[in-house]
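S.K.: Structure file input.cif (mmCIF, C-alpha atoms) right here:
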data_query
loop_
_atom_site.label_atom_id
_atom_site.label_comp_id
_atom_site.auth_asym_id
_atom_site.auth_seq_id
_atom_site.Cartn_x
_atom_site.Cartn_y
_atom_site.Cartn_z
CA MET Y 1 -10.88 16.77 -27.68
CA SER Y 2 -12.70 15.52 -24.59
CA LYS Y 3 -10.82 15.19 -21.32
CA PRO Y 4 -9.90 11.70 -20.09
CA THR Y 5 -11.92 10.35 -17.19
CA ILE Y 6 -10.59 8.17 -14.38
CA ARG Y 7 -13.32 5.78 -13.25
CA ILE Y 8 -12.81 4.94 -9.58
CA ALA Y 9 -14.51 2.20 -7.58
CA ALA Y 10 -14.46 3.45 -3.98
CA ILE Y 11 -14.71 0.67 -1.38
CA PRO Y 12 -14.50 2.22 2.12
CA GLY Y 13 -14.77 -1.18 3.82
CA ASP Y 14 -14.63 -1.31 7.61
CA GLY Y 15 -13.87 0.95 10.55
CA ILE Y 16 -12.11 4.22 9.77
CA GLY Y 17 -11.95 3.16 6.13
CA THR Y 18 -15.26 4.93 5.60
CA GLU Y 19 -13.84 8.17 7.01
CA VAL Y 20 -10.52 8.25 5.19
CA ILE Y 21 -11.91 7.19 1.81
CA GLU Y 22 -14.57 9.91 2.00
CA ALA Y 23 -11.79 12.42 2.72
CA GLY Y 24 -9.61 10.91 0.00
CA MET Y 25 -12.31 11.25 -2.62
CA GLU Y 26 -12.74 14.91 -1.65
CA VAL Y 27 -9.09 15.69 -2.36
CA LEU Y 28 -9.06 13.64 -5.57
CA HIS Y 29 -12.04 15.59 -6.89
CA ALA Y 30 -10.39 18.84 -5.79
CA VAL Y 31 -7.12 18.12 -7.56
CA SER Y 32 -9.03 17.06 -10.67
CA GLU Y 33 -10.88 20.38 -10.69
CA ARG Y 34 -7.68 22.33 -9.99
CA ASP Y 35 -5.71 20.51 -12.67
CA GLY Y 36 -8.46 20.75 -15.28
CA ASN Y 37 -6.98 18.09 -17.57
CA PHE Y 38 -9.05 15.11 -16.48
CA ASP Y 39 -12.29 14.20 -14.77
CA ILE Y 40 -13.11 11.70 -12.04
CA ASP Y 41 -16.15 9.46 -12.16
CA ALA Y 42 -16.47 7.59 -8.87
CA GLU Y 43 -18.91 5.00 -7.58
CA THR Y 44 -18.99 3.90 -3.94
CA PHE Y 45 -19.69 0.30 -2.97
CA ASP Y 46 -20.88 -0.89 0.46
CA TRP Y 47 -18.74 -4.03 0.41
CA SER Y 48 -17.76 -4.60 4.01
CA THR Y 49 -18.10 -6.79 7.07
CA GLN Y 50 -21.45 -5.14 7.80
CA ARG Y 51 -22.67 -6.35 4.42
CA TYR Y 52 -21.39 -9.82 5.27
CA LEU Y 53 -23.32 -9.81 8.53
CA ASP Y 54 -26.46 -8.53 6.81
CA HIS Y 55 -26.38 -10.58 3.61
CA GLY Y 56 -23.82 -13.36 4.05
CA ASP Y 57 -21.30 -12.04 1.52
CA PHE Y 58 -18.78 -9.23 1.35
CA MET Y 59 -19.62 -8.41 -2.24
CA PRO Y 60 -22.22 -9.55 -4.76
CA GLU Y 61 -21.52 -12.57 -6.93
CA ASP Y 62 -20.66 -10.38 -9.92
CA GLY Y 63 -18.59 -7.93 -7.82
CA LEU Y 64 -15.25 -8.72 -9.40
CA ASP Y 65 -16.71 -8.43 -12.90
CA THR Y 66 -18.02 -5.02 -11.88
CA LEU Y 67 -14.57 -3.93 -10.70
CA ARG Y 68 -13.01 -4.89 -14.02
CA THR Y 69 -14.94 -2.04 -15.68
CA PHE Y 70 -13.12 0.62 -13.59
CA ASP Y 71 -9.70 2.23 -14.00
CA ALA Y 72 -8.78 2.09 -10.32
CA ILE Y 73 -10.01 0.85 -6.96
CA PHE Y 74 -9.75 3.10 -3.90
CA PHE Y 75 -9.95 0.86 -0.82
CA GLY Y 76 -10.28 1.78 2.85
CA SER Y 77 -9.73 -1.16 5.18
CA ALA Y 78 -10.92 -4.67 6.01
CA GLY Y 79 -11.39 -5.90 9.55
CA ASP Y 80 -14.16 -5.96 12.14
CA PRO Y 81 -13.98 -7.43 15.66
CA ARG Y 82 -17.31 -9.17 15.09
CA VAL Y 83 -15.82 -11.47 12.44
CA PRO Y 84 -12.47 -13.36 12.50
CA ASP Y 85 -9.86 -11.46 10.52
CA HIS Y 86 -9.02 -14.29 8.14
CA ILE Y 87 -12.65 -14.43 6.99
CA THR Y 88 -12.75 -10.70 6.35
CA LEU Y 89 -9.38 -10.53 4.64
CA TRP Y 90 -9.98 -13.47 2.32
CA GLY Y 91 -13.56 -12.45 1.66
CA LEU Y 92 -12.78 -8.91 0.58
CA ARG Y 93 -9.26 -7.51 0.17
CA LEU Y 94 -7.38 -10.66 -0.79
CA LYS Y 95 -10.26 -11.78 -2.97
CA ILE Y 96 -9.83 -8.61 -5.01
CA CYS Y 97 -6.00 -8.67 -5.07
CA GLN Y 98 -5.63 -12.33 -5.92
CA THR Y 99 -8.47 -12.69 -8.39
CA LEU Y 100 -7.32 -9.61 -10.33
CA ASP Y 101 -3.70 -10.77 -9.94
CA GLN Y 102 -2.48 -7.44 -8.59
CA TYR Y 103 0.89 -9.02 -7.98
CA ALA Y 104 3.03 -5.94 -7.26
CA ASN Y 105 2.38 -4.32 -3.90
CA VAL Y 106 4.32 -1.04 -3.75
CA ARG Y 107 4.80 0.79 -0.47
CA PRO Y 108 6.77 4.06 -0.55
CA THR Y 109 8.13 5.36 2.74
CA LYS Y 110 9.70 8.72 3.49
CA LEU Y 111 9.81 11.28 6.25
CA LEU Y 112 7.41 14.05 5.27
CA PRO Y 113 8.37 17.66 6.04
CA GLY Y 114 7.54 18.66 9.61
CA ILE Y 115 7.19 15.08 10.86
CA ASN Y 116 9.80 13.66 13.20
CA GLY Y 117 10.22 9.92 13.12
CA PRO Y 118 11.47 7.90 16.09
CA LEU Y 119 15.05 7.67 14.74
CA ALA Y 120 17.15 10.49 16.17
CA GLY Y 121 19.06 12.50 13.61
CA VAL Y 122 17.38 10.85 10.63
CA GLY Y 123 15.74 13.17 8.11
CA PRO Y 124 14.10 12.98 4.68
CA LYS Y 125 17.43 12.48 2.90
CA GLU Y 126 18.23 9.40 4.99
CA LEU Y 127 14.78 7.79 4.94
CA ASP Y 128 13.29 7.60 1.45
CA TRP Y 129 12.50 4.02 0.47
CA VAL Y 130 10.19 1.97 -1.70
CA ILE Y 131 9.36 -1.57 -0.59
CA VAL Y 132 8.13 -3.89 -3.35
CA ARG Y 133 6.10 -6.76 -1.94
CA GLU Y 134 5.20 -9.84 -3.95
CA ASN Y 135 1.42 -9.81 -3.61
CA SER Y 136 0.08 -13.15 -4.83
CA GLU Y 137 2.24 -16.04 -3.60
CA GLY Y 138 4.25 -17.13 -0.58
CA GLU Y 139 2.52 -17.76 2.72
CA TYR Y 140 -0.51 -15.82 1.46
CA ALA Y 141 -1.22 -18.15 -1.46
CA GLY Y 142 -3.93 -19.89 0.56
CA ALA Y 143 -2.42 -23.36 0.25
CA GLY Y 144 -2.66 -25.40 3.45
CA GLY Y 145 -5.23 -26.66 5.89
CA ARG Y 146 -6.11 -28.09 9.28
CA VAL Y 147 -6.62 -31.75 10.06
CA HIS Y 148 -7.72 -33.72 13.15
CA GLN Y 149 -9.38 -30.59 14.50
CA GLY Y 150 -10.12 -30.70 18.22
CA LEU Y 151 -7.86 -33.69 18.83
CA PRO Y 152 -4.46 -33.64 20.58
CA GLU Y 153 -2.75 -34.40 17.26
CA GLU Y 154 -4.42 -31.48 15.45
CA VAL Y 155 -2.24 -29.99 12.72
CA GLY Y 156 -2.44 -26.63 10.96
CA PHE Y 157 -0.18 -25.75 8.09
CA ASP Y 158 0.32 -23.07 5.45
CA VAL Y 159 2.41 -23.89 2.40
CA SER Y 160 4.58 -21.16 0.90
CA VAL Y 161 4.07 -21.26 -2.86
CA PHE Y 162 6.72 -19.73 -5.12
CA THR Y 163 6.60 -20.04 -8.90
CA ARG Y 164 9.27 -18.97 -11.37
CA VAL Y 165 6.73 -16.77 -13.12
CA GLY Y 166 5.72 -15.11 -9.86
CA VAL Y 167 9.23 -14.60 -8.51
CA GLU Y 168 10.75 -13.36 -11.74
CA ARG Y 169 7.98 -10.92 -12.58
CA ILE Y 170 8.09 -9.19 -9.18
CA GLN Y 171 11.87 -9.02 -9.18
CA ARG Y 172 11.94 -7.55 -12.69
CA PHE Y 173 9.27 -5.06 -11.63
CA ALA Y 174 11.50 -4.04 -8.70
CA PHE Y 175 14.55 -3.70 -10.96
CA GLU Y 176 12.59 -1.45 -13.34
CA LEU Y 177 11.42 0.67 -10.42
CA ALA Y 178 14.90 0.90 -8.91
CA ARG Y 179 16.48 2.07 -12.16
CA LYS Y 180 14.00 5.00 -12.26
CA ARG Y 181 15.10 6.23 -8.83
CA PRO Y 182 18.19 8.43 -8.40
CA ARG Y 183 20.26 5.93 -6.43
CA LYS Y 184 19.48 2.91 -8.62
CA LEU Y 185 19.96 0.55 -5.66
CA LEU Y 186 17.93 -2.63 -5.12
CA THR Y 187 18.09 -4.84 -2.03
CA LEU Y 188 16.76 -8.40 -2.11
CA VAL Y 189 15.43 -9.61 1.25
CA THR Y 190 14.95 -13.33 1.93
CA LYS Y 191 15.63 -15.88 4.68
CA SER Y 192 17.63 -18.34 2.62
CA ASN Y 193 19.87 -19.51 5.45
CA ALA Y 194 16.94 -21.25 7.17
CA GLN Y 195 14.35 -21.64 4.40
CA ARG Y 196 16.49 -23.68 2.06
CA HIS Y 197 14.06 -24.23 -0.79
CA GLY Y 198 11.76 -21.29 -1.58
CA MET Y 199 14.13 -18.60 -0.36
CA VAL Y 200 17.15 -20.12 -2.09
CA PHE Y 201 14.96 -20.16 -5.21
CA TRP Y 202 14.34 -16.41 -4.75
CA ASP Y 203 18.10 -15.83 -4.45
CA ALA Y 204 18.82 -17.91 -7.54
CA VAL Y 205 16.30 -16.11 -9.74
CA PHE Y 206 17.69 -12.76 -8.58
CA ASP Y 207 21.21 -13.82 -9.51
CA GLU Y 208 20.00 -15.01 -12.91
CA ILE Y 209 18.28 -11.78 -13.94
CA LYS Y 210 20.34 -9.03 -12.31
CA GLY Y 211 22.72 -9.03 -15.26
CA ASP Y 212 19.88 -7.64 -17.38
CA TYR Y 213 20.03 -4.46 -15.26
CA PRO Y 214 23.70 -3.42 -15.22
CA ASP Y 215 22.77 0.11 -14.21
CA VAL Y 216 21.21 -1.09 -10.93
CA THR Y 217 23.42 -1.79 -7.92
CA THR Y 218 22.24 -4.78 -5.90
CA ASP Y 219 22.73 -6.32 -2.49
CA LYS Y 220 21.05 -9.01 -0.39
CA MET Y 221 19.92 -9.18 3.23
CA LEU Y 222 18.36 -11.78 5.49
CA VAL Y 223 15.07 -10.46 6.77
CA ASP Y 224 16.11 -10.36 10.43
CA ALA Y 225 19.27 -8.43 9.57
CA MET Y 226 17.21 -6.10 7.40
CA THR Y 227 15.17 -4.94 10.40
CA GLN Y 228 18.40 -3.83 12.07
CA ARG Y 229 19.60 -2.10 8.92
CA MET Y 230 16.34 -0.17 8.63
CA VAL Y 231 16.81 1.19 12.14
CA LEU Y 232 20.59 1.61 12.29
CA LYS Y 233 21.51 2.48 8.70
CA PRO Y 234 18.40 3.85 6.97
CA GLU Y 235 20.51 5.92 4.58
CA SER Y 236 21.88 2.70 3.04
CA ILE Y 237 18.46 1.62 1.70
CA ASP Y 238 16.57 2.69 -1.40
CA THR Y 239 14.43 0.08 -3.15
CA VAL Y 240 13.64 -3.27 -1.51
CA VAL Y 241 12.04 -6.41 -2.96
CA ALA Y 242 10.80 -9.23 -0.74
CA THR Y 243 8.25 -11.98 -0.38
CA ASN Y 244 4.64 -11.42 0.56
CA LEU Y 245 5.09 -12.11 4.28
CA HIS Y 246 8.51 -10.53 4.76
CA ALA Y 247 7.62 -7.31 2.94
CA ASP Y 248 4.32 -7.10 4.81
CA VAL Y 249 6.20 -6.98 8.11
CA LEU Y 250 9.04 -4.77 6.88
CA SER Y 251 6.68 -2.19 5.40
CA ASP Y 252 4.85 -1.78 8.71
CA LEU Y 253 8.18 -1.17 10.40
CA ALA Y 254 9.02 1.31 7.65
CA ALA Y 255 5.74 3.16 8.23
CA ALA Y 256 6.41 3.38 11.96
CA LEU Y 257 9.90 4.73 11.30
CA SER Y 258 8.38 7.45 9.11
CA GLY Y 259 6.22 8.66 11.99
CA SER Y 260 2.96 6.73 11.84
CA LEU Y 261 1.10 3.95 10.05
CA GLY Y 262 -1.53 6.62 9.40
CA ILE Y 263 0.70 8.22 6.75
CA ALA Y 264 1.61 5.15 4.74
CA PRO Y 265 0.13 4.39 1.29
CA THR Y 266 -0.03 1.25 -0.81
CA GLY Y 267 -0.63 0.39 -4.43
CA ASN Y 268 -1.70 -3.13 -5.34
CA LEU Y 269 -0.64 -3.00 -8.95
CA ARG Y 270 -1.38 -4.99 -12.06
CA PRO Y 271 1.48 -3.61 -14.16
CA GLU Y 272 -0.03 -4.87 -17.41
CA LYS Y 273 -3.00 -2.54 -16.76
CA ASN Y 274 -5.51 -4.99 -18.23
CA VAL Y 275 -7.47 -4.85 -14.98
CA PRO Y 276 -7.70 -2.03 -12.40
CA SER Y 277 -5.11 -1.64 -9.68
CA MET Y 278 -6.12 -0.98 -6.08
CA PHE Y 279 -4.82 1.81 -3.83
CA GLU Y 280 -5.22 1.94 -0.06
CA PRO Y 281 -3.73 3.26 3.18
CA ILE Y 282 -2.07 0.50 5.20
CA HIS Y 283 -3.32 1.47 8.66
CA GLY Y 284 -6.21 -0.98 8.94
CA SER Y 285 -9.72 -0.48 10.27
CA ALA Y 286 -8.74 0.97 13.71
CA PHE Y 287 -12.10 0.30 15.36
CA ASP Y 288 -10.84 1.89 18.59
CA ILE Y 289 -11.03 5.36 17.02
CA MET Y 290 -13.85 4.81 14.52
CA GLY Y 291 -16.46 7.55 14.45
CA GLN Y 292 -14.44 9.97 16.58
CA GLY Y 293 -13.33 12.11 13.65
CA ILE Y 294 -9.64 11.77 14.51
CA ALA Y 295 -8.46 9.26 11.90
CA ASN Y 296 -5.40 10.35 9.93
CA PRO Y 297 -6.40 10.71 6.25
CA LEU Y 298 -2.85 11.29 4.97
CA GLY Y 299 -2.40 7.62 4.08
CA SER Y 300 -5.46 7.77 1.85
CA PHE Y 301 -4.28 11.07 0.31
CA TRP Y 302 -0.86 9.61 -0.49
CA SER Y 303 -2.57 6.51 -1.90
CA GLY Y 304 -4.50 8.95 -4.08
CA VAL Y 305 -1.16 10.31 -5.32
CA MET Y 306 -0.21 6.79 -6.38
CA LEU Y 307 -3.60 6.32 -8.04
CA LEU Y 308 -3.10 9.47 -10.11
CA GLU Y 309 0.46 8.53 -11.08
CA TYR Y 310 -0.63 5.09 -12.20
CA ASN Y 311 -3.46 6.54 -14.25
CA ASP Y 312 -1.13 8.82 -16.22
CA GLN Y 313 -1.73 12.08 -14.36
CA PRO Y 314 1.76 12.90 -13.03
CA LYS Y 315 1.13 16.65 -12.78
CA ALA Y 316 -1.97 16.18 -10.66
CA ALA Y 317 -0.17 13.59 -8.54
CA ALA Y 318 2.70 16.03 -7.92
CA ARG Y 319 0.21 18.77 -7.03
CA LEU Y 320 -1.47 16.56 -4.44
CA MET Y 321 1.84 15.41 -2.96
CA GLN Y 322 2.99 19.02 -2.69
CA ALA Y 323 -0.25 19.90 -0.89
CA ILE Y 324 0.27 17.06 1.60
CA GLU Y 325 3.86 18.12 2.26
CA ARG Y 326 2.90 21.78 2.60
CA VAL Y 327 0.37 20.91 5.31
CA THR Y 328 2.72 18.62 7.24
CA ALA Y 329 5.54 21.17 7.00
CA GLU Y 330 3.34 23.85 8.58
CA GLY Y 331 2.83 21.55 11.55
CA THR Y 332 -0.47 23.09 12.66
CA HIS Y 333 -2.70 20.39 11.18
CA LEU Y 334 -1.46 17.05 12.45
CA THR Y 335 -3.60 14.27 13.87
CA GLN Y 336 -3.05 12.63 17.25
CA ASP Y 337 -0.88 9.82 15.90
CA LEU Y 338 1.57 12.52 14.78
CA GLY Y 339 1.50 14.39 18.07
CA GLY Y 340 -1.12 16.97 17.05
CA THR Y 341 -4.77 17.62 17.81
CA ALA Y 342 -6.26 18.12 14.35
CA THR Y 343 -9.37 16.25 13.32
CA THR Y 344 -9.85 14.36 10.09
CA ARG Y 345 -11.98 17.25 8.85
CA GLU Y 346 -9.40 19.89 9.74
CA ILE Y 347 -6.50 18.17 8.01
CA THR Y 348 -8.67 17.46 4.97
CA ASP Y 349 -9.67 21.11 4.77
CA ALA Y 350 -6.03 22.15 5.08
CA VAL Y 351 -5.00 19.91 2.19
CA LEU Y 352 -7.94 21.13 0.10
CA GLU Y 353 -6.83 24.71 0.67
CA ALA Y 354 -3.24 23.83 -0.24
CA ILE Y 355 -4.50 22.31 -3.49
CA ARG Y 356 -6.43 25.47 -4.32
CA GLN Y 357 -3.37 27.64 -3.64
CA SER Y 358 -1.00 25.40 -5.57
CA ASN Y 359 0.96 26.99 -8.40
CA ALA Y 360 2.35 23.70 -9.73
#
Represent the supplied structure as structure tokens.

M.R.:
Amino acid sequence: MSKPTIRIAAIPGDGIGTEVIEAGMEVLHAVSERDGNFDIDAETFDWSTQRYLDHGDFMPEDGLDTLRTFDAIFFGSAGDPRVPDHITLWGLRLKICQTLDQYANVRPTKLLPGINGPLAGVGPKELDWVIVRENSEGEYAGAGGRVHQGLPEEVGFDVSVFTRVGVERIQRFAFELARKRPRKLLTLVTKSNAQRHGMVFWDAVFDEIKGDYPDVTTDKMLVDAMTQRMVLKPESIDTVVATNLHADVLSDLAAALSGSLGIAPTGNLRPEKNVPSMFEPIHGSAFDIMGQGIANPLGSFWSGVMLLEYNDQPKAAARLMQAIERVTAEGTHLTQDLGGTATTREITDAVLEAIRQSNA
């Protein structure tokens, strides 16, 4: 019987995305070879702001059709100071996420061994969360506009769009995820005291469906109170579900509390698996350190763990995660954002060696 093959579309994008995706593909190939149960077939695409400046588009006209033929997308970052961010984001990353309806954005957060977060006395047992972000609606639906531009009465508005289909499917996804975790605890985050329509709708749907998951304990928080809870009572949190905007902000705070945005991974998931899901570090393009060889590749490695899990390779995913944790625990190969001096190359080599030595 032939081995399964994971077909990966690698899109480094902008800034340090090119550096961390190159490193990420190295470790994915290494864990594939070490595991021996599957192969990786990867193709790299130059879709980026540079392409936009050279050719007038971020991807070719048939780019999305091309992506549909892959099992997974491995994405670096989108953003370049030469082009306004909203043009880059909507022309590349959001175009992929929204057109392929990757509606579940999953962002795990935990303190890795050997890394001290900014919260005194908080360790891995107290900070181990998963934030589930609705990835297709809300303030990021693209509904809105600007009128009377340049005049004193100019108006700009974005309309938050929430549908029953969209709200229920992401909440049920979060319930299913929460019931697979040891604590079986799900927190709903909204702002229903001030946003009396869409957020109250989110609360109402949650109340309607939670009875279908009697094994999951639930609670609710307003988003501003949730930021305090994350800092003051991190041990009280496990799985969180929130709107596109709220979870976007909360997950960046979560990454900072775990030590650095450079660590944090993301999966933009299409749970039905009828199109590829996209995996990426959340740190952005970081043009200020581009080309210096000091970018932290751990976020791309951890995103690779999620890619492997989602493509039915749990053993390989565990092997890669163990390699990451072994390197961070040793403490000798940490990048500058984690208080070390290691280069991207050095930490990549350390993880590659840990993969080779793995007995998992």

S.K.: Report as a PyMOL selection string all protein, DNA and RNA residues lying within 12 Å of segment 314-317 of chain Y, evaluated on only C-alpha atoms, omitting residues in the same chain fewer than 2 positions from it.

M.R.: chain Y and resi 27-39+301-312+319-324+355+358-360

S.K.: Where does the PyMOL selection byres ((chain Y and resi 60-64) around 10) land in this file, that is, which residues does it pick, as a list in words?

M.R.: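 Evaluating the PyMOL selection byres ((chain Y and resi 60-64) around 10) on this file yields Phe45, Trp47, Arg51, His55, Gly56, Asp57, Phe58, Met59, Asp65, Thr66, Leu67, Arg68, Thr69, Lys95, Ile96, Thr99 and Leu100 of chain Y.
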
S.K.: Name the residues captured by the PyMOL selection byres ((chain Y and resi 234) around 12) when it is applied to the shown file; answer as a PyMOL selection string.

M.R.: chain Y and resi 109-111+117+119-129+226-233+235-239+253-254+257-258

S.K.: Quick check, in Å to one decimal: how far apart do atom CA of Thr88 of chain Y and atom CA of Ile11 of chain Y lie?

M.R.: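 Between atom CA of Thr88 of chain Y and atom CA of Ile11 of chain Y the gap is 13.9 Å.
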
S.K.: Apply the PyMOL selection byres ((chain Y and resi 337) around 12) to the structure shown and report the selected residues as a PyMOL selection string.

M.R.: chain Y and resi 115-117+256+258-263+283+289+294-298+333-336+338-344

S.K.: Got a sec to check which residues sit within 9 Å of (-4.1, -21.5, 0.4), counting all atoms listed in the file, and write them as a list in words?

M.R.: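 The answer, in the requested form, is Glu139, Tyr140, Ala141, Gly142, Ala143, Gly144, Gly145, Asp158, Val159, Ser160 and Val161 of chain Y.
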
S.K.: By how many Å are atom CA of Ala255 of chain Y and atom CA of Glu280 of chain Y apart?

M.R.: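 Distance reported for this atom pair: 13.8 Å.
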
S.K.: Anything within 9 Å of (-17.4, 7.7, -6.8): list those residues as a count of residues only, counting only C-alpha atoms and sticking to the file's coordinates.

M.R.: 11

S.K.: Record the distance separating atom CA of Leu94 of chain Y and atom CA of Ala72 of chain Y, expressed in Å with one decimal.

M.R.: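 Result for atom CA of Leu94 of chain Y versus atom CA of Ala72 of chain Y: 16.0 Å, one decimal.
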
S.K.: Quick one: residues within 8 Å of Ile131 of chain Y, only C-alpha atoms counted, chain neighbours fewer than 4 positions away excluded, as a list in words?

M.R.: Val106, Arg107, Pro108, Thr109, Thr239, Val240, Val241, Ala242, Ala247 and Ser251 of chain Y

S.K.: Between Y:Leu92, Y:Glu272, Y:Ala286, Y:Val147, single out the one closest to Gly17 of chain Y, counting all atoms listed in the file.

M.R.: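 Looking at the shortest contact to Gly17 of chain Y, the residue is Y:Ala286.
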
S.K.: Restricting the calculation to all atoms listed in the file: of Y:Thr348, Y:Ser136, Y:Thr217, Y:Thr190, which residue gets closest to Cys97 of chain Y?

M.R.: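 Using all atoms listed in the file, the shortest distance to Cys97 of chain Y belongs to Y:Ser136.
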
S.K.: Point out the residue among Y:Asp71, Y:Ala329, Y:Gly284, Y:Ala23 with the least atom-to-atom distance to Asp349 of chain Y, counting all atoms listed in the file.

M.R.: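 With all atoms listed in the file as the atom set, the closest residue is Y:Ala23.
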
S.K.: Output, as JSON, the centre and edge lengths in Å (one decimal) of the axis-aligned box that contains all listed atoms of segment 74-89 of chain Y with 4 Å of margin on each side.

M.R.:
{"center_x": -13.2, "center_y": -5.7, "center_z": 5.9, "size_x": 16.3, "size_y": 25.5, "size_z": 27.6}

S.K.: May I ask which of the residues Y:Thr266, Y:Thr18, Y:Thr328, Y:Thr187 is the closest one to Gln102 of chain Y, counting all atoms listed in the file?

M.R.: Y:Thr266

S.K.: Please provide as a ChimeraX atom specification all residues within 12 Å of Phe175 of chain Y, with the sequence filter that same-chain residues fewer than 5 positions apart are discarded (counting only C-alpha atoms).

M.R.: /Y:130-132,168-170,180-181,184-188,206,209-218,238-241

S.K.: Counting all atoms listed in the file, which residue out of Y:His86, Y:Met278, Y:Phe74, Y:Ser300 sits closest to Ala264 of chain Y?

M.R.: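 The shortest atom-to-atom distance to Ala264 of chain Y comes from Y:Ser300.
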
S.K.: Name all residues at most 12 Å from Ile87 of chain Y (count only C-alpha atoms; drop same-chain ones fewer than 3 positions away) and give them as a list of chain:residue names.

M.R.: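 Those residues are Y:Ser48, Y:Thr49, Y:Tyr52, Y:Leu53, Y:Gly56, Y:Asp57, Y:Phe58, Y:Ala78, Y:Gly79, Y:Asp80, Y:Pro81, Y:Arg82, Y:Val83, Y:Pro84, Y:Trp90, Y:Gly91, Y:Leu92, Y:Arg93, Y:Leu94, Y:Lys95.
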
S.K.: Quick one: write out the picked residues with C-alpha atoms as a PDB file, in the frame of the given file?

M.R.:
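Dumped everything to again22.pdb:
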ATOM      1  CA  SER Y  48     -17.760  -4.600   4.010  1.00  0.00           C
ATOM      2  CA  THR Y  49     -18.100  -6.790   7.070  1.00  0.00           C
ATOM      3  CA  TYR Y  52     -21.390  -9.820   5.270  1.00  0.00           C
ATOM      4  CA  LEU Y  53     -23.320  -9.810   8.530  1.00  0.00           C
ATOM      5  CA  GLY Y  56     -23.820 -13.360   4.050  1.00  0.00           C
ATOM      6  CA  ASP Y  57     -21.300 -12.040   1.520  1.00  0.00           C
ATOM      7  CA  PHE Y  58     -18.780  -9.230   1.350  1.00  0.00           C
ATOM      8  CA  ALA Y  78     -10.920  -4.670   6.010  1.00  0.00           C
ATOM      9  CA  GLY Y  79     -11.390  -5.900   9.550  1.00  0.00           C
ATOM     10  CA  ASP Y  80     -14.160  -5.960  12.140  1.00  0.00           C
ATOM     11  CA  PRO Y  81     -13.980  -7.430  15.660  1.00  0.00           C
ATOM     12  CA  ARG Y  82     -17.310  -9.170  15.090  1.00  0.00           C
ATOM     13  CA  VAL Y  83     -15.820 -11.470  12.440  1.00  0.00           C
ATOM     14  CA  PRO Y  84     -12.470 -13.360  12.500  1.00  0.00           C
ATOM     15  CA  TRP Y  90      -9.980 -13.470   2.320  1.00  0.00           C
ATOM     16  CA  GLY Y  91     -13.560 -12.450   1.660  1.00  0.00           C
ATOM     17  CA  LEU Y  92     -12.780  -8.910   0.580  1.00  0.00           C
ATOM     18  CA  ARG Y  93      -9.260  -7.510   0.170  1.00  0.00           C
ATOM     19  CA  LEU Y  94      -7.380 -10.660  -0.790  1.00  0.00           C
ATOM     20  CA  LYS Y  95     -10.260 -11.780  -2.970  1.00  0.00           C
TER      21      LYS Y  95
END

S.K.: Measuring between all atoms listed in the file, which one of Y:Met199, Y:Val205, Y:Leu269, Y:Ala178 shows the shortest distance to Tyr103 of chain Y?

M.R.: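 Using all atoms listed in the file, the shortest distance to Tyr103 of chain Y belongs to Y:Leu269.
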